[in-house]
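Visitor: Provided herewith: entry-v2.pdb, PDB, C-alpha atoms.
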```pdb
ATOM      1  CA  MET H   5      37.390   9.334  -9.880  1.00  0.00           C
ATOM      2  CA  PRO H   6      34.968   6.355  -9.996  1.00  0.00           C
ATOM      3  CA  LYS H   7      31.439   6.797  -8.718  1.00  0.00           C
ATOM      4  CA  SER H   8      30.407   5.135  -5.474  1.00  0.00           C
ATOM      5  CA  ILE H   9      27.963   2.246  -5.546  1.00  0.00           C
ATOM      6  CA  THR H  10      25.235   4.565  -4.219  1.00  0.00           C
ATOM      7  CA  GLU H  11      25.874   7.152  -6.926  1.00  0.00           C
ATOM      8  CA  ARG H  12      25.825   4.463  -9.621  1.00  0.00           C
ATOM      9  CA  TYR H  13      22.646   2.868  -8.314  1.00  0.00           C
ATOM     10  CA  PHE H  14      20.653   6.076  -7.873  1.00  0.00           C
ATOM     11  CA  SER H  15      21.876   7.918 -10.951  1.00  0.00           C
ATOM     12  CA  GLY H  16      19.117   8.268 -13.510  1.00  0.00           C
ATOM     13  CA  LEU H  17      16.301   7.915 -10.982  1.00  0.00           C
ATOM     14  CA  SER H  18      13.813  10.745 -10.808  1.00  0.00           C
ATOM     15  CA  ARG H  19      12.246  12.518  -7.851  1.00  0.00           C
ATOM     16  CA  ASN H  20       8.986  10.889  -8.894  1.00  0.00           C
ATOM     17  CA  THR H  21      10.547   7.433  -8.497  1.00  0.00           C
ATOM     18  CA  PHE H  22      11.564   8.215  -4.926  1.00  0.00           C
ATOM     19  CA  LEU H  23       8.149   9.687  -4.082  1.00  0.00           C
ATOM     20  CA  LEU H  24       6.385   6.607  -5.439  1.00  0.00           C
ATOM     21  CA  THR H  25       8.783   4.379  -3.511  1.00  0.00           C
ATOM     22  CA  PHE H  26       7.873   6.163  -0.272  1.00  0.00           C
ATOM     23  CA  ALA H  27       4.193   5.890  -1.200  1.00  0.00           C
ATOM     24  CA  SER H  28       4.624   2.124  -1.573  1.00  0.00           C
ATOM     25  CA  LEU H  29       6.496   1.946   1.720  1.00  0.00           C
ATOM     26  CA  PHE H  30       3.816   3.761   3.717  1.00  0.00           C
ATOM     27  CA  ALA H  31       0.891   2.089   1.939  1.00  0.00           C
ATOM     28  CA  ASP H  32       2.348  -1.324   2.725  1.00  0.00           C
ATOM     29  CA  ILE H  33       3.069  -0.405   6.336  1.00  0.00           C
ATOM     30  CA  SER H  34      -0.582   0.606   6.690  1.00  0.00           C
ATOM     31  CA  THR H  35      -1.938  -2.567   5.102  1.00  0.00           C
ATOM     32  CA  GLU H  36       0.521  -4.941   6.730  1.00  0.00           C
ATOM     33  CA  MET H  37      -0.122  -3.512  10.203  1.00  0.00           C
ATOM     34  CA  LEU H  38      -3.599  -4.991   9.903  1.00  0.00           C
ATOM     35  CA  TYR H  39      -3.038  -8.161   7.931  1.00  0.00           C
ATOM     36  CA  PRO H  40      -1.602 -10.295  10.773  1.00  0.00           C
ATOM     37  CA  VAL H  41      -4.081  -9.066  13.408  1.00  0.00           C
ATOM     38  CA  LEU H  42      -7.173  -9.191  11.202  1.00  0.00           C
ATOM     39  CA  PRO H  43      -8.094 -12.868  11.815  1.00  0.00           C
ATOM     40  CA  ILE H  44      -7.629 -12.410  15.578  1.00  0.00           C
ATOM     41  CA  PHE H  45      -9.695  -9.231  15.543  1.00  0.00           C
ATOM     42  CA  LEU H  46     -12.472 -10.917  13.559  1.00  0.00           C
ATOM     43  CA  THR H  47     -12.652 -14.135  15.560  1.00  0.00           C
ATOM     44  CA  GLN H  48     -11.820 -13.003  19.095  1.00  0.00           C
ATOM     45  CA  THR H  49     -12.966  -9.394  19.290  1.00  0.00           C
ATOM     46  CA  LEU H  50     -15.925  -9.497  16.886  1.00  0.00           C
ATOM     47  CA  LYS H  51     -16.758 -13.205  17.420  1.00  0.00           C
ATOM     48  CA  ALA H  52     -16.946 -13.873  13.671  1.00  0.00           C
ATOM     49  CA  SER H  53     -16.528 -17.390  12.331  1.00  0.00           C
ATOM     50  CA  GLY H  54     -13.594 -18.741  10.350  1.00  0.00           C
ATOM     51  CA  SER H  55     -15.841 -18.652   7.283  1.00  0.00           C
ATOM     52  CA  VAL H  56     -16.151 -14.896   7.679  1.00  0.00           C
ATOM     53  CA  VAL H  57     -12.342 -14.585   7.778  1.00  0.00           C
ATOM     54  CA  GLY H  58     -12.179 -16.569   4.528  1.00  0.00           C
ATOM     55  CA  LEU H  59     -14.927 -14.477   2.934  1.00  0.00           C
ATOM     56  CA  VAL H  60     -13.218 -11.215   3.874  1.00  0.00           C
ATOM     57  CA  GLU H  61      -9.794 -12.255   2.560  1.00  0.00           C
ATOM     58  CA  GLY H  62     -11.158 -14.001  -0.535  1.00  0.00           C
ATOM     59  CA  LEU H  63     -13.207 -10.999  -1.583  1.00  0.00           C
ATOM     60  CA  ALA H  64     -10.329  -8.634  -0.836  1.00  0.00           C
ATOM     61  CA  GLY H  65      -7.839 -10.597  -2.942  1.00  0.00           C
ATOM     62  CA  ALA H  66     -10.261 -11.062  -5.833  1.00  0.00           C
ATOM     63  CA  THR H  67     -11.115  -7.360  -5.803  1.00  0.00           C
ATOM     64  CA  GLN H  68      -7.489  -6.295  -6.096  1.00  0.00           C
ATOM     65  CA  ASN H  69      -6.760  -8.704  -8.936  1.00  0.00           C
ATOM     66  CA  ILE H  70      -9.827  -7.746 -10.956  1.00  0.00           C
ATOM     67  CA  VAL H  71      -9.505  -3.996 -10.431  1.00  0.00           C
ATOM     68  CA  GLN H  72      -5.843  -3.942 -11.513  1.00  0.00           C
ATOM     69  CA  CYS H  73      -6.875  -4.872 -15.050  1.00  0.00           C
ATOM     70  CA  PHE H  74      -9.452  -2.120 -15.269  1.00  0.00           C
ATOM     71  CA  SER H  75      -7.355   0.611 -13.663  1.00  0.00           C
ATOM     72  CA  GLY H  76      -4.501  -0.083 -16.065  1.00  0.00           C
ATOM     73  CA  TRP H  77      -6.847   0.064 -19.027  1.00  0.00           C
ATOM     74  CA  LEU H  78      -8.471   3.258 -17.704  1.00  0.00           C
ATOM     75  CA  SER H  79      -5.166   5.010 -17.037  1.00  0.00           C
ATOM     76  CA  ASP H  80      -3.971   4.124 -20.555  1.00  0.00           C
ATOM     77  CA  LYS H  81      -7.229   5.275 -22.140  1.00  0.00           C
ATOM     78  CA  LEU H  82      -7.427   8.570 -20.237  1.00  0.00           C
ATOM     79  CA  GLN H  83      -3.645   9.132 -20.062  1.00  0.00           C
ATOM     80  CA  LYS H  84      -4.355  10.315 -16.505  1.00  0.00           C
ATOM     81  CA  ARG H  85      -2.239   8.113 -14.311  1.00  0.00           C
ATOM     82  CA  LYS H  86      -1.664  10.324 -11.292  1.00  0.00           C
ATOM     83  CA  PRO H  87      -5.327  10.951 -10.329  1.00  0.00           C
ATOM     84  CA  ILE H  88      -6.127   7.245 -10.594  1.00  0.00           C
ATOM     85  CA  ALA H  89      -3.082   6.232  -8.540  1.00  0.00           C
ATOM     86  CA  VAL H  90      -3.759   8.898  -5.896  1.00  0.00           C
ATOM     87  CA  ALA H  91      -7.411   7.802  -5.683  1.00  0.00           C
ATOM     88  CA  GLY H  92      -6.197   4.257  -5.048  1.00  0.00           C
ATOM     89  CA  TYR H  93      -3.862   5.396  -2.273  1.00  0.00           C
ATOM     90  CA  ILE H  94      -6.651   7.438  -0.658  1.00  0.00           C
ATOM     91  CA  LEU H  95      -9.156   4.560  -0.825  1.00  0.00           C
ATOM     92  CA  ALA H  96      -6.702   2.200   0.824  1.00  0.00           C
ATOM     93  CA  ALA H  97      -5.715   4.767   3.466  1.00  0.00           C
ATOM     94  CA  VAL H  98      -9.228   5.412   4.762  1.00  0.00           C
ATOM     95  CA  ALA H  99     -10.478   1.810   4.610  1.00  0.00           C
ATOM     96  CA  LYS H 100     -10.190   0.875   8.283  1.00  0.00           C
ATOM     97  CA  PRO H 101     -13.054  -1.208   9.809  1.00  0.00           C
ATOM     98  CA  LEU H 102     -15.059  -1.541  13.044  1.00  0.00           C
ATOM     99  CA  SER H 103     -17.471  -4.513  12.710  1.00  0.00           C
ATOM    100  CA  TRP H 104     -16.986  -7.700  10.676  1.00  0.00           C
ATOM    101  CA  GLN H 105     -19.172  -6.126   8.014  1.00  0.00           C
ATOM    102  CA  GLY H 106     -16.979  -3.054   8.352  1.00  0.00           C
ATOM    103  CA  VAL H 107     -13.904  -5.268   8.080  1.00  0.00           C
ATOM    104  CA  LEU H 108     -15.332  -6.756   4.881  1.00  0.00           C
ATOM    105  CA  GLY H 109     -16.009  -3.277   3.530  1.00  0.00           C
ATOM    106  CA  GLY H 110     -12.656  -1.989   4.743  1.00  0.00           C
ATOM    107  CA  ARG H 111     -10.663  -4.856   3.211  1.00  0.00           C
ATOM    108  CA  PHE H 112     -12.694  -4.493   0.008  1.00  0.00           C
ATOM    109  CA  LEU H 113     -11.875  -0.768  -0.177  1.00  0.00           C
ATOM    110  CA  ASP H 114      -8.241  -1.373   0.782  1.00  0.00           C
ATOM    111  CA  ARG H 115      -7.751  -3.897  -2.010  1.00  0.00           C
ATOM    112  CA  LEU H 116      -9.864  -1.785  -4.399  1.00  0.00           C
ATOM    113  CA  GLY H 117      -7.428   1.040  -3.703  1.00  0.00           C
ATOM    114  CA  ALA H 118      -4.403  -1.232  -4.136  1.00  0.00           C
ATOM    115  CA  GLY H 119      -5.762  -2.583  -7.396  1.00  0.00           C
ATOM    116  CA  THR H 120      -6.619   0.908  -8.626  1.00  0.00           C
ATOM    117  CA  ARG H 121      -3.201   2.405  -7.949  1.00  0.00           C
ATOM    118  CA  THR H 122      -0.876  -0.378  -9.131  1.00  0.00           C
ATOM    119  CA  ALA H 123      -0.969  -0.048 -12.933  1.00  0.00           C
ATOM    120  CA  PRO H 124      -1.010   3.774 -13.016  1.00  0.00           C
ATOM    121  CA  ARG H 125       1.787   3.892 -10.438  1.00  0.00           C
ATOM    122  CA  ASP H 126       3.872   1.527 -12.517  1.00  0.00           C
ATOM    123  CA  ALA H 127       3.217   3.626 -15.613  1.00  0.00           C
ATOM    124  CA  LEU H 128       4.260   6.751 -13.700  1.00  0.00           C
ATOM    125  CA  ILE H 129       7.492   5.058 -12.646  1.00  0.00           C
ATOM    126  CA  ALA H 130       8.202   3.866 -16.184  1.00  0.00           C
ATOM    127  CA  SER H 131       7.582   7.313 -17.659  1.00  0.00           C
ATOM    128  CA  SER H 132       9.712   9.026 -14.989  1.00  0.00           C
ATOM    129  CA  VAL H 133      13.036   7.508 -16.042  1.00  0.00           C
ATOM    130  CA  ASP H 134      14.933   6.671 -19.206  1.00  0.00           C
ATOM    131  CA  ASP H 135      14.483   3.173 -20.577  1.00  0.00           C
ATOM    132  CA  LYS H 136      17.964   2.192 -19.388  1.00  0.00           C
ATOM    133  CA  ASP H 137      17.039   3.076 -15.766  1.00  0.00           C
ATOM    134  CA  ARG H 138      13.649   1.339 -15.569  1.00  0.00           C
ATOM    135  CA  GLY H 139      15.031  -1.740 -13.837  1.00  0.00           C
ATOM    136  CA  LYS H 140      16.586   0.432 -11.137  1.00  0.00           C
ATOM    137  CA  ALA H 141      13.395   2.455 -10.777  1.00  0.00           C
ATOM    138  CA  PHE H 142      11.189  -0.594 -10.345  1.00  0.00           C
ATOM    139  CA  GLY H 143      13.776  -2.204  -8.084  1.00  0.00           C
ATOM    140  CA  LEU H 144      13.684   0.837  -5.814  1.00  0.00           C
ATOM    141  CA  GLU H 145       9.871   0.759  -5.700  1.00  0.00           C
ATOM    142  CA  VAL H 146       9.951  -2.935  -4.764  1.00  0.00           C
ATOM    143  CA  ILE H 147      12.390  -2.127  -1.944  1.00  0.00           C
ATOM    144  CA  GLY H 148       9.847   0.344  -0.555  1.00  0.00           C
ATOM    145  CA  ASP H 149       7.039  -2.179  -0.985  1.00  0.00           C
ATOM    146  CA  ASN H 150       8.953  -4.988   0.744  1.00  0.00           C
ATOM    147  CA  ALA H 151      10.218  -2.740   3.532  1.00  0.00           C
ATOM    148  CA  GLY H 152       6.612  -1.734   4.235  1.00  0.00           C
ATOM    149  CA  ALA H 153       5.531  -5.386   4.270  1.00  0.00           C
ATOM    150  CA  PHE H 154       8.287  -6.078   6.805  1.00  0.00           C
ATOM    151  CA  LEU H 155       7.754  -3.005   8.999  1.00  0.00           C
ATOM    152  CA  GLY H 156       3.937  -3.088   9.151  1.00  0.00           C
ATOM    153  CA  PRO H 157       3.626  -6.284  11.216  1.00  0.00           C
ATOM    154  CA  LEU H 158       6.523  -5.208  13.432  1.00  0.00           C
ATOM    155  CA  ILE H 159       4.761  -1.941  14.196  1.00  0.00           C
ATOM    156  CA  ALA H 160       1.516  -3.803  14.966  1.00  0.00           C
ATOM    157  CA  VAL H 161       3.315  -6.210  17.320  1.00  0.00           C
ATOM    158  CA  PHE H 162       5.115  -3.302  18.999  1.00  0.00           C
ATOM    159  CA  LEU H 163       1.820  -1.478  19.519  1.00  0.00           C
ATOM    160  CA  LEU H 164       0.030  -4.554  20.863  1.00  0.00           C
ATOM    161  CA  ILE H 165       2.717  -6.184  22.990  1.00  0.00           C
ATOM    162  CA  THR H 166       5.006  -3.365  24.079  1.00  0.00           C
ATOM    163  CA  LEU H 167       2.603  -0.431  24.300  1.00  0.00           C
ATOM    164  CA  HIS H 168      -0.474  -2.574  25.112  1.00  0.00           C
ATOM    165  CA  VAL H 169      -2.607  -0.703  22.596  1.00  0.00           C
ATOM    166  CA  ASP H 170      -6.109  -2.137  22.176  1.00  0.00           C
ATOM    167  CA  ILE H 171      -6.410  -4.101  18.933  1.00  0.00           C
ATOM    168  CA  ARG H 172      -9.079  -1.698  17.601  1.00  0.00           C
ATOM    169  CA  TRP H 173      -6.582   1.149  17.875  1.00  0.00           C
ATOM    170  CA  VAL H 174      -4.186  -0.654  15.548  1.00  0.00           C
ATOM    171  CA  PHE H 175      -6.847  -0.232  12.848  1.00  0.00           C
ATOM    172  CA  TYR H 176      -7.157   3.477  13.577  1.00  0.00           C
ATOM    173  CA  LEU H 177      -3.398   4.026  13.777  1.00  0.00           C
ATOM    174  CA  ALA H 178      -2.881   2.242  10.453  1.00  0.00           C
ATOM    175  CA  ILE H 179      -4.579   5.214   8.816  1.00  0.00           C
ATOM    176  CA  ILE H 180      -1.490   7.353   9.565  1.00  0.00           C
ATOM    177  CA  PRO H 181       1.017   5.594   7.297  1.00  0.00           C
ATOM    178  CA  GLY H 182      -1.775   5.130   4.758  1.00  0.00           C
ATOM    179  CA  LEU H 183      -2.256   8.883   4.573  1.00  0.00           C
ATOM    180  CA  LEU H 184       1.517   9.417   4.413  1.00  0.00           C
ATOM    181  CA  ALA H 185       1.411   7.346   1.201  1.00  0.00           C
ATOM    182  CA  VAL H 186      -0.817   9.935  -0.446  1.00  0.00           C
ATOM    183  CA  HIS H 187       1.223  12.618  -2.135  1.00  0.00           C
ATOM    184  CA  ASP H 188       1.189  14.601  -5.321  1.00  0.00           C
ATOM    185  CA  PRO H 189       3.914  13.216  -7.601  1.00  0.00           C
ATOM    186  CA  PRO H 190       4.673  15.110 -10.775  1.00  0.00           C
ATOM    187  CA  GLY H 191       2.968  14.051 -13.958  1.00  0.00           C
TER     188      GLY H 191
END
```
Before anything else, please render the file you have as C-alpha cells.
Guide:
Amino acid sequence: MPKSITERYFSGLSRNTFLLTFASLFADISTEMLYPVLPIFLTQTLKASGSVVGLVEGLAGATQNIVQCFSGWLSDKLQKRKPIAVAGYILAAVAKPLSWQGVLGGRFLDRLGAGTRTAPRDALIASSVDDKDRGKAFGLEVIGDNAGAFLGPLIAVFLLITLHVDIRWVFYLAIIPGLLAVHDPPG
C-alpha cells in the first residue's frame, strides 16, 4: 500500500525538528505582533520622530545580522548549540519595550536573540535528521517561521481593532508567544 503524501513528507523528520518548527512559529508570532504597530507606537504614543523609528529599526537589523556570524562561530567552537539557541529565544521573548529608549533596547535585544539563535538552531535541525531529509526538515522550519510572520500581525490587528486592546498591551501580550517558543529540544 503506498504511503500518503503526509506520511512521505514527514517520514525521516525528528521530534527535534518539530519542536524547533514550533519555536520558530511562536518566536515569529511574538516579533511580528509588534513589527507593524511599532512605528505607530513610537510616533503617536511616545511622540518620537521618524528619525527615531529609523534608528530603532536600523540598529535592530544590523544587530541581528552581525550577531548571527558570531553565534554560529561560537556554537561550532563550543559544540553547544542548544544553550545558545535557547538563550536567543529567551532574549527575544523578554525584549518588550515601554519608552522609545525602551523600544530601542527591546528591539536590540529581540534582534540580538534572533541573531543568537539562528545558526545554532539550524545546526540542531541539520544534526537531527539524516542528510537525505535535511531539505524537508528545513522546509518544515520555514513553514513555522512564515506562518508566525503571517499570524503575528493578524493577532495584533485582532487585539487592537476587535478587542480594542491598548497598543501598549500588544507589547506585553507578545511576550506570551515568545515564551512559548522557549523549550528544551534534545541535543
Visitor: Can you work out which one of H:Val56, H:Ile179, H:Leu38, H:Leu155 has the shortest atom-to-atom distance to Ala97 of chain H, counting all atoms listed in the file?
Guide: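 Among the listed residues, H:Ile179 lies closest to Ala97 of chain H.
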Visitor: Can you tell me, as a ChimeraX atom specification, what residues are no more than 10 Å from segment 60-69 of chain H when counting all atoms listed in the file, ignoring any on the same chain fewer than 2 positions away?
Guide: /H:39,42-43,46,54-58,71-74,104-105,107-122
Visitor: Pick the closest to Ala185 of chain H from H:Gly16, H:Ala89, H:Trp77, H:Lys7: which is it, counting all atoms listed in the file?
Guide: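 Ranked by minimum distance to Ala185 of chain H, first place goes to H:Ala89.
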Visitor: For a quick check of understanding, using only C-alpha atoms, which of H:Ala99, H:Asn150, H:Lys86, H:Leu24 has the smallest distance to Tyr176 of chain H?
Guide: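 Residue with the minimum atom-to-atom distance to Tyr176 of chain H: H:Ala99.
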Visitor: Here is a test: counting all atoms listed in the file, which residue of H:Asp137, H:Asp149, H:Asp170, H:Asp126 is nearest to Glu36 of chain H?
Guide: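 Smallest separation from Glu36 of chain H among the options: H:Asp149.
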Visitor: Step by step, gather every atom of segment 111-124 of chain H that the file lists, find the box along x, y and z that holds them, add 8 Å on each side, and finally give centre and edge lengths in Å to one decimal, as JSON.
Guide:
```
{"center_x": -6.8, "center_y": -0.5, "center_z": -4.9, "size_x": 27.8, "size_y": 24.6, "size_z": 32.2}
```
Visitor: Rank H:Ala178, H:Leu128, H:Val98, H:Leu158 by their smallest atom-to-atom distance to Leu23 of chain H, using all atoms listed in the file, and report the top residue only.
Guide: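 Looking at the shortest contact to Leu23 of chain H, the residue is H:Leu128.
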Visitor: Which residue, H:Ala153, H:Ala27, H:Ile88, H:Val133, has the smallest gap to Val186 of chain H when you use all atoms listed in the file?
Guide: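 Result for the nearest residue to Val186 of chain H: H:Ala27.
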Visitor: Please compute the atom CA of Ile147 of chain H-atom CA of Leu164 of chain H distance, one decimal, in Å.
Guide: 26.1 Å
Visitor: Would you kindly place N, CA, C and O atoms on segment 114-130 of chain H and return the model as an mmCIF file, in the frame of the given file?
Guide:
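File result-v5.cif, as written:
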```
data_model
loop_
_atom_site.group_PDB
_atom_site.id
_atom_site.type_symbol
_atom_site.label_atom_id
_atom_site.label_comp_id
_atom_site.auth_asym_id
_atom_site.auth_seq_id
_atom_site.Cartn_x
_atom_site.Cartn_y
_atom_site.Cartn_z
ATOM 1 N N ASP H 114 -9.705 -1.348 0.757
ATOM 2 C CA ASP H 114 -8.241 -1.373 0.782
ATOM 3 C C ASP H 114 -7.700 -2.036 -0.480
ATOM 4 O O ASP H 114 -6.804 -1.509 -1.137
ATOM 5 N N ARG H 115 -8.227 -3.181 -0.825
ATOM 6 C CA ARG H 115 -7.751 -3.897 -2.010
ATOM 7 C C ARG H 115 -8.241 -3.237 -3.300
ATOM 8 O O ARG H 115 -7.558 -3.290 -4.317
ATOM 9 N N LEU H 116 -9.417 -2.577 -3.254
ATOM 10 C CA LEU H 116 -9.864 -1.785 -4.399
ATOM 11 C C LEU H 116 -8.863 -0.663 -4.656
ATOM 12 O O LEU H 116 -8.460 -0.406 -5.791
ATOM 13 N N GLY H 117 -8.432 -0.019 -3.575
ATOM 14 C CA GLY H 117 -7.428 1.040 -3.703
ATOM 15 C C GLY H 117 -6.106 0.508 -4.223
ATOM 16 O O GLY H 117 -5.475 1.102 -5.095
ATOM 17 N N ALA H 118 -5.668 -0.640 -3.685
ATOM 18 C CA ALA H 118 -4.403 -1.232 -4.136
ATOM 19 C C ALA H 118 -4.483 -1.623 -5.608
ATOM 20 O O ALA H 118 -3.552 -1.375 -6.382
ATOM 21 N N GLY H 119 -5.596 -2.208 -5.992
ATOM 22 C CA GLY H 119 -5.762 -2.583 -7.396
ATOM 23 C C GLY H 119 -5.849 -1.375 -8.310
ATOM 24 O O GLY H 119 -5.333 -1.377 -9.427
ATOM 25 N N THR H 120 -6.466 -0.309 -7.830
ATOM 26 C CA THR H 120 -6.619 0.908 -8.626
ATOM 27 C C THR H 120 -5.286 1.601 -8.842
ATOM 28 O O THR H 120 -5.000 2.101 -9.926
ATOM 29 N N ARG H 121 -4.436 1.611 -7.852
ATOM 30 C CA ARG H 121 -3.201 2.405 -7.949
ATOM 31 C C ARG H 121 -2.063 1.697 -8.665
ATOM 32 O O ARG H 121 -1.141 2.346 -9.161
ATOM 33 N N THR H 122 -2.053 0.368 -8.692
ATOM 34 C CA THR H 122 -0.876 -0.378 -9.131
ATOM 35 C C THR H 122 -0.465 -0.074 -10.568
ATOM 36 O O THR H 122 0.679 0.310 -10.818
ATOM 37 N N ALA H 123 -1.346 -0.253 -11.528
ATOM 38 C CA ALA H 123 -0.969 -0.048 -12.933
ATOM 39 C C ALA H 123 -0.612 1.408 -13.230
ATOM 40 O O ALA H 123 0.419 1.674 -13.864
ATOM 41 N N PRO H 124 -1.410 2.381 -12.765
ATOM 42 C CA PRO H 124 -1.010 3.774 -13.016
ATOM 43 C C PRO H 124 0.303 4.145 -12.326
ATOM 44 O O PRO H 124 1.117 4.878 -12.893
ATOM 45 N N ARG H 125 0.525 3.629 -11.125
ATOM 46 C CA ARG H 125 1.787 3.892 -10.438
ATOM 47 C C ARG H 125 2.958 3.340 -11.240
ATOM 48 O O ARG H 125 3.968 4.011 -11.432
ATOM 49 N N ASP H 126 2.809 2.125 -11.721
ATOM 50 C CA ASP H 126 3.872 1.527 -12.517
ATOM 51 C C ASP H 126 4.118 2.316 -13.799
ATOM 52 O O ASP H 126 5.265 2.489 -14.216
ATOM 53 N N ALA H 127 3.048 2.810 -14.406
ATOM 54 C CA ALA H 127 3.217 3.626 -15.613
ATOM 55 C C ALA H 127 3.908 4.949 -15.281
ATOM 56 O O ALA H 127 4.738 5.430 -16.064
ATOM 57 N N LEU H 128 3.585 5.519 -14.125
ATOM 58 C CA LEU H 128 4.260 6.751 -13.700
ATOM 59 C C LEU H 128 5.750 6.499 -13.481
ATOM 60 O O LEU H 128 6.589 7.316 -13.875
ATOM 61 N N ILE H 129 6.078 5.389 -12.862
ATOM 62 C CA ILE H 129 7.492 5.058 -12.646
ATOM 63 C C ILE H 129 8.194 4.881 -13.984
ATOM 64 O O ILE H 129 9.268 5.445 -14.214
ATOM 65 N N ALA H 130 7.583 4.123 -14.878
ATOM 66 C CA ALA H 130 8.202 3.866 -16.184
ATOM 67 C C ALA H 130 8.414 5.151 -16.977
ATOM 68 O O ALA H 130 9.445 5.313 -17.635
#
```
